[in-house]
Amino acid sequence: MPTIRIPVGPLFSFRECRWFLHRNFDDCMHVVEEDQVKKALLIDGHLLLVSLSEEKEALRVQVLKGPDTPALRKAVTDYITDWWDLDRDLLPFYQQIAKHKQLAYMAADYKGLRLLGMPDLFEAISWAIIGQQINLSFAYKLKRRLVEKYGTHLDHEGSKHYLFPSPEALMRATPEDLRAMQFSQQKIRYLLTVAEAFFSGGISKQELIALPDFAARQQALLALKGVGIWTANYALMKSLKEPGSIPHGDAGLLNALLAHSLIKDKSDLRAIERLFAKFAGWESYLVIYLWRSLAKMD
DNA sequence: AACCAGGCGCATG
DNA sequence: CATGCGCATGGT
C-alpha cells in the first residue's frame, strides 16, 4: 500500500490533532478511529482515500484507495501539510503562551495541537454559515444531511467517505429540499448565494489569496450575503490560514475567555483587544487553543 | 423550562 | 452609529 511519511517536529501531537477532529461531534468530513484518521480527498481530479496515523517523528499517510503516482504523492503531501498546518513553527506561540499566567498551562496540556484547516474555501464558508447561531451538535447534523445528499463519496470497506459538495452540486439544491433538512430560510438563501458566487467565478480561493492584504480578503468575503465578520474571519483562519484572524463575537471564544477570567463580561472588548495584542501574529492559534479548553473531559 | 447556541441582515431611534 | 428583533431548533 502506498505510504508517505511526513516528518514532524517536537511541537506536533497526533493525539491532540486527532482529538480536535473528533471532539465528541459527528463530523462527516472525516472518520476518526482509535489510531487513525481517514478522509476522502479530491486531488488533481482524482478521488482518493487517505489514512493518517502516528509514526516516530512523522505523520504516516497511507493512500487506501485511488491511483498512486509520484505527482499525486506530492500533491497529497502538500494537502495534508496544509490541512494539519505542519509547516508552521509553533515555537514563538509557545513562548508567548508561557509568559501568560492564566494560559501558560496550555503549552503543556495541549502541546502539539495544530490549526486543523479546511483547504476548500467554499466548504469553510458554507460550514461557517451552517454553524451560525446554533449549537454545534445541530450544526454537524445539518452539515451531514447536506453532504450526504449533495456530496460525492467513495466506498471503502463498507463505509462511505464524503467530499463536501461542489458549488455546482449545491446549486442544484432547491430551497424546499434544504428546508426539509431543517435549514432556516436565511441559511438557505446564504448558502445558495455563496454557491452561485463560487460557481460563477465571482469569488475563488486563488483570487482571494492574490489580494494584497487581510483587509482586502475580508472585504471580498463580507460582500457575500450571510457572511459577517465572524464568518469571514473564520473562513480566513481555517482555509487561508491567516494567522492573525479572529472570529470576533464567537460564542465559544467568549465563554473560554470568561472561564479563564480574562474578560469581565461578553462585551469587554478592550480586554479582548489587550489579550490578542500580546499574541500578534498568532491570534488564530490562541483562538484554537481557547476552543480546545472548552472541552469537557471524556 | 428558560436560555443559550462557533451570527446576520434589516428595521428603527 | 447603536440597539433590537426574527430566525429555527437542539442542548442543557
# chains A, B, ... in the order shown; residues from 1 in each chain; ligands from 1
call {"tool": "interface_residues", "arguments": {"of": "chain C", "to": "chain A", "cutoff": "12 Å", "atoms": "only C-alpha atoms (C1' of nucleotides)", "output": "list in words"}}
result
DG6, DC7, DA8, DT9, DG10, DG11 and DT12 of chain C
call {"tool": "closest_atom_pairs", "arguments": {"of": "chain A", "to": "chain B", "cutoff": "7 Å", "atoms": "only C-alpha atoms (C1' of nucleotides)", "output": "CSV"}}
result
residue,atom,partner,partner_atom,distance
A:Gly131,CA,B:DG6,C1',6.6
A:Gln132,CA,B:DG7,C1',5.0
A:Gln133,CA,B:DG7,C1',5.2
A:Ile134,CA,B:DA5,C1',4.3
A:Asn135,CA,B:DA5,C1',3.9
A:Gly226,CA,B:DC8,C1',5.9
A:Gly228,CA,B:DC8,C1',6.4
A:Asp250,CA,B:DG6,C1',5.5
A:Ala251,CA,B:DG6,C1',5.9
A:Gly252,CA,B:DG6,C1',5.7
call {"tool": "residues_around", "arguments": {"residues": "range 13-29 of chain A", "least_positions_apart": "6", "cutoff": "10 Å", "atoms": "only C-alpha atoms (C1' of nucleotides)", "output": "PyMOL selection string"}}
result
chain A and resi 35-41+52-55+57-59+84+109-116+136-141+143-145+147-148+160-164+288+291-292+295-296+298
call {"tool": "residues_around", "arguments": {"residues": "range 65-77 of chain A", "least_positions_apart": "5", "cutoff": "8 Å", "atoms": "only C-alpha atoms (C1' of nucleotides)", "output": "mmCIF file with C-alpha atoms, in the first residue's frame"}}
result
data_model
loop_
_atom_site.group_PDB
_atom_site.id
_atom_site.type_symbol
_atom_site.label_atom_id
_atom_site.label_comp_id
_atom_site.auth_asym_id
_atom_site.auth_seq_id
_atom_site.Cartn_x
_atom_site.Cartn_y
_atom_site.Cartn_z
ATOM 1 C CA PRO A 2 1.379 3.425 -0.902
ATOM 2 C CA ILE A 4 4.037 8.565 2.669
ATOM 3 C CA ILE A 6 5.743 13.461 6.515
ATOM 4 C CA ILE A 43 -6.724 15.957 -5.807
ATOM 5 C CA ASP A 44 -5.980 16.833 -9.420
ATOM 6 C CA HIS A 46 -8.690 12.090 -8.575
ATOM 7 C CA LEU A 47 -10.853 10.853 -5.725
ATOM 8 C CA LEU A 48 -8.602 9.363 -3.057
ATOM 9 C CA LEU A 49 -8.991 7.942 0.411
ATOM 10 C CA VAL A 50 -6.136 8.564 2.805
ATOM 11 C CA HIS A 156 -14.224 1.667 1.309
#
call {"tool": "atom_distance", "arguments": {"atom1": "CA of Ala271 in chain A", "atom2": "CA of His100 in chain A"}}
result
14.1 Å
call {"tool": "atom_distance", "arguments": {"atom1": "CA of Pro175 in chain A", "atom2": "CA of Leu224 in chain A"}}
result
18.3 Å
call {"tool": "select_by_dssp", "arguments": {"residues": "range 133-214 of chain A", "states": "strand (DSSP E)", "output": "JSON, numbers by chain"}}
result
{"A": [153, 154, 155, 156, 159, 160, 161, 162]}
call {"tool": "write_last_selection", "arguments": {"atoms": "C-alpha atoms", "output": "PDB file, in the first residue's frame"}}
result
ATOM      1  CA  HIS A 153     -18.415   9.858  -1.936  1.00  0.00           C
ATOM      2  CA  LEU A 154     -16.057   6.960  -2.099  1.00  0.00           C
ATOM      3  CA  ASP A 155     -16.771   3.490  -0.768  1.00  0.00           C
ATOM      4  CA  HIS A 156     -14.224   1.667   1.309  1.00  0.00           C
ATOM      5  CA  SER A 159     -18.382   2.752   4.668  1.00  0.00           C
ATOM      6  CA  LYS A 160     -18.816   5.899   2.650  1.00  0.00           C
ATOM      7  CA  HIS A 161     -16.305   8.736   2.761  1.00  0.00           C
ATOM      8  CA  TYR A 162     -17.693  12.053   1.587  1.00  0.00           C
TER       9      TYR A 162
END
